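Below: one structure, written as structure tokens.
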Amino acid sequence: MALNCSQVAIGDSRRRVMRICAAVFVVGLFVASWFVSGTQVTRAIFAFVAVASLMLAVELTTEGRQKLSRRERWRIRPQVGKVQLLPAIGNVLLNVFIASSAFLTLLQTRHPSSSTMELLRLAAGVALLYALAALVFEILGLCFLVAGYSLPLMHRTPIAARSVGEFWGQRWNIIVSAWLRTFIFWPLARRRCAGLGVLCSFLVSGALHGWPILVALGTSAAFSMVLFFVIQGVFVLAESWLSIHTWPITIARTWTLVILLASSPLLIDPDLRVFGF
């Protein structure tokens, strides 16, 4: 019994040391990203590395019972056969076409001279974000698929979402959604503060997205990014009050698309400015 207690104490001590080391490392990255010099893109990338390191450190240093579940964790799995190879290649080519078209449009609307051109710029930005987010992961997935392995889904047909909550919680960036749900939402929901958990999840998401923008562009652009995610959280709560799950599919999907597109300039404009568009 005494030996077991000693082993537990040693394990706790090691975890504390690991957490301290991880905290020092992550804080160092955040401080370094604030003072790093270079272009806007360089500063944003460095700040993004700090954010990704923070998320990884939280996952690695958290107690086992609070970690992401096996279903939610980012895993590489053996793939039986390669029947998905052709569809994967088709998806890559489709998103290359969308991204290329959006990029060419942005080159023509870099300095919009009218409200119509500004809307076209934002629309191209939405298309580019959507296509690139899918393209990067699909290329990685295709490489693993050729080698006989598969990656978990990053997106699950986001355009088919029937609510803002479904879009963010089940269809868009599933890996980050699982992280926010595990480490932000559930600790509050277990204390009967589910609504607060939703808002805090989106606020933290806004902060994680806003840090690279803050480093690259400054306070106003970062505030725009955070405000976008807070608005999403408000609408997710509103949907529970409105019982959106009882709405006809067409109306629910229209609602979702309108909310996302109407608020998207708060997200898209800072991202485009980082890359000089």
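Letters for chains follow the order of the structure tokens (A, B, ...), residue numbers begin at 1 for each chain, and ligand numbers begin at 1 in the order shown.
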Please provide the set of residues having any atom within 12 Å of Ile89 of chain A, restricted to only C-alpha atoms, with same-chain residues fewer than 2 positions apart removed, written as a CSV table (one decimal) with C-alpha atoms, in the first residue's frame.
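So out_10.csv came out as:
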```csv
chain,number,residue,atom,x,y,z
A,82,LYS,CA,-7.7,2.1,-51.6
A,83,VAL,CA,-11.2,2.4,-53.0
A,84,GLN,CA,-11.3,6.0,-51.7
A,85,LEU,CA,-8.3,7.1,-53.7
A,86,LEU,CA,-10.2,8.4,-56.8
A,87,PRO,CA,-12.8,10.4,-54.9
A,91,ASN,CA,-11.9,16.5,-54.1
A,92,VAL,CA,-8.4,17.8,-54.3
A,93,LEU,CA,-8.8,18.9,-57.9
A,94,LEU,CA,-12.1,20.5,-57.2
A,95,ASN,CA,-10.8,22.5,-54.3
A,96,VAL,CA,-7.7,23.5,-56.3
A,135,LEU,CA,-7.4,21.4,-49.6
A,138,GLU,CA,-7.3,16.5,-48.3
A,139,ILE,CA,-3.7,16.6,-49.6
A,140,LEU,CA,-2.4,15.2,-46.3
A,141,GLY,CA,-5.2,12.6,-46.3
A,142,LEU,CA,-4.4,11.7,-49.9
A,143,CYS,CA,-0.7,11.1,-49.1
A,145,LEU,CA,-4.2,7.1,-48.2
A,146,VAL,CA,-1.6,6.2,-50.9
```
* To do: Would you return as a list in words the members of segment 59-225 of chain A that DSSP assigns to strand (DSSP E or B) on this structure's backbone?
  => Arg77, Pro78, Tyr149 and Ser150 of chain A
Using only C-alpha atoms, please write the residues we just selected to a file, as a PDB file, in the first residue's frame.
```
ATOM      1  CA  ARG A  77      -5.581   4.499 -38.756  1.00  0.00           C
ATOM      2  CA  PRO A  78      -4.768   1.611 -41.111  1.00  0.00           C
ATOM      3  CA  TYR A 149      -3.600   4.854 -43.874  1.00  0.00           C
ATOM      4  CA  SER A 150      -6.464   7.236 -43.249  1.00  0.00           C
TER       5      SER A 150
END
```
* **Contact residues around Val164 of chain A with only C-alpha atoms at 10 Å, ignoring same-chain residues under 3 positions, as a PyMOL selection string** => chain A and resi 161+167-171+232-239+244+252-253+255-260
* Nearby residues (only C-alpha atoms) at most 10 Å from Ala207 of chain A, same-chain spacing under 3 positions excluded, as number ranges by chain -> A: 51, 201-204, 210-214, 222-223, 225-227, 229
Convert the current residue selection to file output with C-alpha atoms, as a PDB file, in the first residue's frame.
```pdb
ATOM      1  CA  VAL A  51      -1.507  28.787 -30.401  1.00  0.00           C
ATOM      2  CA  SER A 201     -15.981  28.018 -25.994  1.00  0.00           C
ATOM      3  CA  PHE A 202     -16.555  30.575 -28.731  1.00  0.00           C
ATOM      4  CA  LEU A 203     -14.732  33.267 -26.762  1.00  0.00           C
ATOM      5  CA  VAL A 204     -11.690  31.009 -26.378  1.00  0.00           C
ATOM      6  CA  GLY A 210      -7.378  36.417 -32.757  1.00  0.00           C
ATOM      7  CA  TRP A 211      -3.839  36.093 -31.413  1.00  0.00           C
ATOM      8  CA  PRO A 212      -2.160  35.654 -34.844  1.00  0.00           C
ATOM      9  CA  ILE A 213      -4.257  38.550 -36.160  1.00  0.00           C
ATOM     10  CA  LEU A 214      -3.303  40.703 -33.165  1.00  0.00           C
ATOM     11  CA  ALA A 222      -8.114  41.050 -33.567  1.00  0.00           C
ATOM     12  CA  PHE A 223     -11.268  42.472 -31.962  1.00  0.00           C
ATOM     13  CA  MET A 225     -12.015  38.232 -35.181  1.00  0.00           C
ATOM     14  CA  VAL A 226     -13.076  37.724 -31.543  1.00  0.00           C
ATOM     15  CA  LEU A 227     -16.405  39.474 -32.171  1.00  0.00           C
ATOM     16  CA  PHE A 229     -16.872  34.051 -32.765  1.00  0.00           C
TER      17      PHE A 229
END
```
* To do: To one decimal in Å, tell me the separation between atom CA of Gly276 of chain A and atom CA of Ser205 of chain A.
  =>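 Result for atom CA of Gly276 of chain A versus atom CA of Ser205 of chain A: 23.9 Å, one decimal.
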Could you pull out the residues in segment 99-264 of chain A that DSSP calls helix (DSSP H, G or I) from the backbone, as a PDB file with C-alpha atoms, in the first residue's frame?
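Just written: states_29.pdb:
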```pdb
ATOM      1  CA  ALA A  99      -9.031  28.155 -54.579  1.00  0.00           C
ATOM      2  CA  SER A 100      -7.396  29.226 -57.840  1.00  0.00           C
ATOM      3  CA  SER A 101     -10.538  31.000 -59.040  1.00  0.00           C
ATOM      4  CA  ALA A 102     -10.926  32.764 -55.691  1.00  0.00           C
ATOM      5  CA  PHE A 103      -7.252  33.784 -55.695  1.00  0.00           C
ATOM      6  CA  LEU A 104      -7.488  35.271 -59.183  1.00  0.00           C
ATOM      7  CA  THR A 105     -10.611  37.158 -58.133  1.00  0.00           C
ATOM      8  CA  LEU A 106      -8.807  38.561 -55.087  1.00  0.00           C
ATOM      9  CA  LEU A 107      -5.968  39.783 -57.290  1.00  0.00           C
ATOM     10  CA  GLN A 108      -8.520  41.828 -59.258  1.00  0.00           C
ATOM     11  CA  SER A 115     -19.276  48.330 -52.609  1.00  0.00           C
ATOM     12  CA  THR A 116     -19.889  45.719 -55.306  1.00  0.00           C
ATOM     13  CA  MET A 117     -16.169  45.057 -55.652  1.00  0.00           C
ATOM     14  CA  GLU A 118     -15.852  44.873 -51.873  1.00  0.00           C
ATOM     15  CA  LEU A 119     -18.615  42.263 -51.726  1.00  0.00           C
ATOM     16  CA  LEU A 120     -16.900  40.326 -54.512  1.00  0.00           C
ATOM     17  CA  ARG A 121     -13.631  40.494 -52.551  1.00  0.00           C
ATOM     18  CA  LEU A 122     -15.298  39.134 -49.414  1.00  0.00           C
ATOM     19  CA  ALA A 123     -17.104  36.419 -51.374  1.00  0.00           C
ATOM     20  CA  ALA A 124     -13.815  35.341 -52.939  1.00  0.00           C
ATOM     21  CA  GLY A 125     -12.281  35.361 -49.469  1.00  0.00           C
ATOM     22  CA  VAL A 126     -15.000  33.038 -48.168  1.00  0.00           C
ATOM     23  CA  ALA A 127     -14.480  30.675 -51.112  1.00  0.00           C
ATOM     24  CA  LEU A 128     -10.700  30.736 -50.662  1.00  0.00           C
ATOM     25  CA  LEU A 129     -10.941  30.014 -46.920  1.00  0.00           C
ATOM     26  CA  TYR A 130     -13.393  27.171 -47.503  1.00  0.00           C
ATOM     27  CA  ALA A 131     -11.320  25.633 -50.302  1.00  0.00           C
ATOM     28  CA  LEU A 132      -7.916  26.002 -48.652  1.00  0.00           C
ATOM     29  CA  ALA A 133      -9.127  24.592 -45.330  1.00  0.00           C
ATOM     30  CA  ALA A 134     -10.366  21.507 -47.179  1.00  0.00           C
ATOM     31  CA  LEU A 135      -7.448  21.356 -49.611  1.00  0.00           C
ATOM     32  CA  VAL A 136      -4.635  21.272 -47.043  1.00  0.00           C
ATOM     33  CA  PHE A 137      -6.192  18.417 -45.127  1.00  0.00           C
ATOM     34  CA  GLU A 138      -7.269  16.536 -48.261  1.00  0.00           C
ATOM     35  CA  ILE A 139      -3.730  16.596 -49.633  1.00  0.00           C
ATOM     36  CA  LEU A 140      -2.418  15.225 -46.337  1.00  0.00           C
ATOM     37  CA  GLY A 141      -5.187  12.637 -46.328  1.00  0.00           C
ATOM     38  CA  LEU A 142      -4.389  11.653 -49.916  1.00  0.00           C
ATOM     39  CA  CYS A 143      -0.715  11.112 -49.067  1.00  0.00           C
ATOM     40  CA  PHE A 144      -1.636   8.884 -46.126  1.00  0.00           C
ATOM     41  CA  LEU A 145      -4.245   7.079 -48.226  1.00  0.00           C
ATOM     42  CA  VAL A 146      -1.638   6.193 -50.853  1.00  0.00           C
ATOM     43  CA  PRO A 158     -20.139  22.011 -43.774  1.00  0.00           C
ATOM     44  CA  ILE A 159     -22.500  23.370 -46.444  1.00  0.00           C
ATOM     45  CA  ALA A 160     -25.153  20.859 -45.310  1.00  0.00           C
ATOM     46  CA  VAL A 164     -25.034  27.382 -36.685  1.00  0.00           C
ATOM     47  CA  GLY A 165     -24.450  25.027 -33.766  1.00  0.00           C
ATOM     48  CA  GLU A 166     -24.276  22.013 -36.079  1.00  0.00           C
ATOM     49  CA  PHE A 167     -21.884  23.843 -38.397  1.00  0.00           C
ATOM     50  CA  TRP A 168     -19.363  24.608 -35.662  1.00  0.00           C
ATOM     51  CA  GLY A 169     -19.900  21.578 -33.460  1.00  0.00           C
ATOM     52  CA  GLN A 170     -20.199  18.739 -35.977  1.00  0.00           C
ATOM     53  CA  ARG A 171     -19.127  19.840 -39.453  1.00  0.00           C
ATOM     54  CA  ILE A 174     -14.007  18.828 -36.133  1.00  0.00           C
ATOM     55  CA  ILE A 175     -10.641  18.400 -34.386  1.00  0.00           C
ATOM     56  CA  VAL A 176     -10.641  21.912 -32.882  1.00  0.00           C
ATOM     57  CA  SER A 177     -14.345  21.598 -32.050  1.00  0.00           C
ATOM     58  CA  ALA A 178     -13.601  18.426 -30.071  1.00  0.00           C
ATOM     59  CA  TRP A 179     -10.801  20.215 -28.199  1.00  0.00           C
ATOM     60  CA  LEU A 180     -13.044  23.140 -27.255  1.00  0.00           C
ATOM     61  CA  ARG A 181     -15.878  20.825 -26.266  1.00  0.00           C
ATOM     62  CA  THR A 182     -13.602  18.722 -24.047  1.00  0.00           C
ATOM     63  CA  PHE A 183     -11.570  21.411 -22.301  1.00  0.00           C
ATOM     64  CA  ILE A 184     -13.922  24.419 -22.274  1.00  0.00           C
ATOM     65  CA  PHE A 185     -17.555  23.393 -22.684  1.00  0.00           C
ATOM     66  CA  TRP A 186     -17.869  20.191 -20.627  1.00  0.00           C
ATOM     67  CA  PRO A 187     -16.149  21.472 -17.453  1.00  0.00           C
ATOM     68  CA  LEU A 188     -18.769  24.244 -17.314  1.00  0.00           C
ATOM     69  CA  ALA A 189     -21.683  22.114 -18.540  1.00  0.00           C
ATOM     70  CA  ALA A 194     -24.058  24.875 -20.404  1.00  0.00           C
ATOM     71  CA  GLY A 195     -24.970  28.283 -21.829  1.00  0.00           C
ATOM     72  CA  LEU A 196     -21.878  29.828 -20.284  1.00  0.00           C
ATOM     73  CA  GLY A 197     -19.876  26.890 -21.632  1.00  0.00           C
ATOM     74  CA  VAL A 198     -21.060  27.641 -25.166  1.00  0.00           C
ATOM     75  CA  LEU A 199     -20.152  31.321 -24.897  1.00  0.00           C
ATOM     76  CA  CYS A 200     -16.773  30.598 -23.303  1.00  0.00           C
ATOM     77  CA  SER A 201     -15.981  28.018 -25.994  1.00  0.00           C
ATOM     78  CA  PHE A 202     -16.555  30.575 -28.731  1.00  0.00           C
ATOM     79  CA  LEU A 203     -14.732  33.267 -26.762  1.00  0.00           C
ATOM     80  CA  VAL A 204     -11.690  31.009 -26.378  1.00  0.00           C
ATOM     81  CA  SER A 205     -11.920  30.086 -30.050  1.00  0.00           C
ATOM     82  CA  GLY A 206     -11.996  33.786 -30.880  1.00  0.00           C
ATOM     83  CA  ALA A 207      -8.932  34.391 -28.712  1.00  0.00           C
ATOM     84  CA  LEU A 208      -7.036  31.507 -30.331  1.00  0.00           C
ATOM     85  CA  HIS A 209      -7.879  32.804 -33.803  1.00  0.00           C
ATOM     86  CA  GLY A 210      -7.378  36.417 -32.757  1.00  0.00           C
ATOM     87  CA  TRP A 211      -3.839  36.093 -31.413  1.00  0.00           C
ATOM     88  CA  PRO A 212      -2.160  35.654 -34.844  1.00  0.00           C
ATOM     89  CA  ILE A 213      -4.257  38.550 -36.160  1.00  0.00           C
ATOM     90  CA  LEU A 214      -3.303  40.703 -33.165  1.00  0.00           C
ATOM     91  CA  VAL A 215       0.382  40.022 -33.740  1.00  0.00           C
ATOM     92  CA  ALA A 216       0.133  40.659 -37.487  1.00  0.00           C
ATOM     93  CA  LEU A 217      -2.350  43.542 -37.747  1.00  0.00           C
ATOM     94  CA  THR A 219      -5.998  45.427 -31.884  1.00  0.00           C
ATOM     95  CA  SER A 220      -8.919  46.408 -34.126  1.00  0.00           C
ATOM     96  CA  ALA A 221      -8.461  43.470 -36.499  1.00  0.00           C
ATOM     97  CA  ALA A 222      -8.114  41.050 -33.567  1.00  0.00           C
ATOM     98  CA  PHE A 223     -11.268  42.472 -31.962  1.00  0.00           C
ATOM     99  CA  SER A 224     -13.118  41.873 -35.242  1.00  0.00           C
ATOM    100  CA  MET A 225     -12.015  38.232 -35.181  1.00  0.00           C
ATOM    101  CA  VAL A 226     -13.076  37.724 -31.543  1.00  0.00           C
ATOM    102  CA  LEU A 227     -16.405  39.474 -32.171  1.00  0.00           C
ATOM    103  CA  PHE A 228     -17.141  37.081 -35.039  1.00  0.00           C
ATOM    104  CA  PHE A 229     -16.872  34.051 -32.765  1.00  0.00           C
ATOM    105  CA  VAL A 230     -18.828  35.665 -29.934  1.00  0.00           C
ATOM    106  CA  ILE A 231     -21.657  36.357 -32.390  1.00  0.00           C
ATOM    107  CA  GLN A 232     -21.620  32.682 -33.397  1.00  0.00           C
ATOM    108  CA  GLY A 233     -21.986  31.681 -29.756  1.00  0.00           C
ATOM    109  CA  VAL A 234     -24.939  34.027 -29.281  1.00  0.00           C
ATOM    110  CA  PHE A 235     -26.712  32.548 -32.289  1.00  0.00           C
ATOM    111  CA  VAL A 236     -26.024  28.993 -31.107  1.00  0.00           C
ATOM    112  CA  LEU A 237     -27.787  29.832 -27.833  1.00  0.00           C
ATOM    113  CA  ALA A 238     -30.604  31.551 -29.724  1.00  0.00           C
ATOM    114  CA  GLU A 239     -31.124  28.419 -31.811  1.00  0.00           C
ATOM    115  CA  SER A 240     -31.789  26.344 -28.706  1.00  0.00           C
ATOM    116  CA  TRP A 241     -34.466  28.827 -27.632  1.00  0.00           C
ATOM    117  CA  LEU A 242     -35.951  28.870 -31.149  1.00  0.00           C
ATOM    118  CA  ILE A 244     -34.330  25.175 -34.783  1.00  0.00           C
ATOM    119  CA  HIS A 245     -34.217  21.370 -34.936  1.00  0.00           C
ATOM    120  CA  THR A 246     -37.994  21.440 -35.544  1.00  0.00           C
ATOM    121  CA  ILE A 249     -34.688  21.595 -43.581  1.00  0.00           C
ATOM    122  CA  THR A 250     -34.684  24.297 -46.277  1.00  0.00           C
ATOM    123  CA  ILE A 251     -35.486  27.093 -43.814  1.00  0.00           C
ATOM    124  CA  ALA A 252     -32.952  25.823 -41.276  1.00  0.00           C
ATOM    125  CA  ARG A 253     -30.183  25.645 -43.862  1.00  0.00           C
ATOM    126  CA  THR A 254     -31.061  29.083 -45.220  1.00  0.00           C
ATOM    127  CA  TRP A 255     -30.933  30.506 -41.685  1.00  0.00           C
ATOM    128  CA  THR A 256     -27.509  28.938 -41.140  1.00  0.00           C
ATOM    129  CA  LEU A 257     -26.097  30.184 -44.422  1.00  0.00           C
ATOM    130  CA  VAL A 258     -27.409  33.722 -43.904  1.00  0.00           C
ATOM    131  CA  ILE A 259     -25.975  33.971 -40.376  1.00  0.00           C
ATOM    132  CA  LEU A 260     -22.562  32.675 -41.420  1.00  0.00           C
ATOM    133  CA  LEU A 261     -22.295  34.822 -44.557  1.00  0.00           C
ATOM    134  CA  ALA A 262     -23.636  37.982 -42.897  1.00  0.00           C
ATOM    135  CA  SER A 263     -21.066  37.776 -40.103  1.00  0.00           C
ATOM    136  CA  SER A 264     -18.207  36.462 -42.248  1.00  0.00           C
TER     137      SER A 264
END
```
* Asked: Hey, can you check how far atom CA of Leu56 of chain A sits from atom CA of Ile20 of chain A?
  ->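 We find that atom CA of Leu56 of chain A and atom CA of Ile20 of chain A lie 14.3 Å from each other.
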* Please measure the separation of atom CA of Val58 of chain A and atom CA of Val26 of chain A, giving the value in Å to one decimal. => 10.1 Å
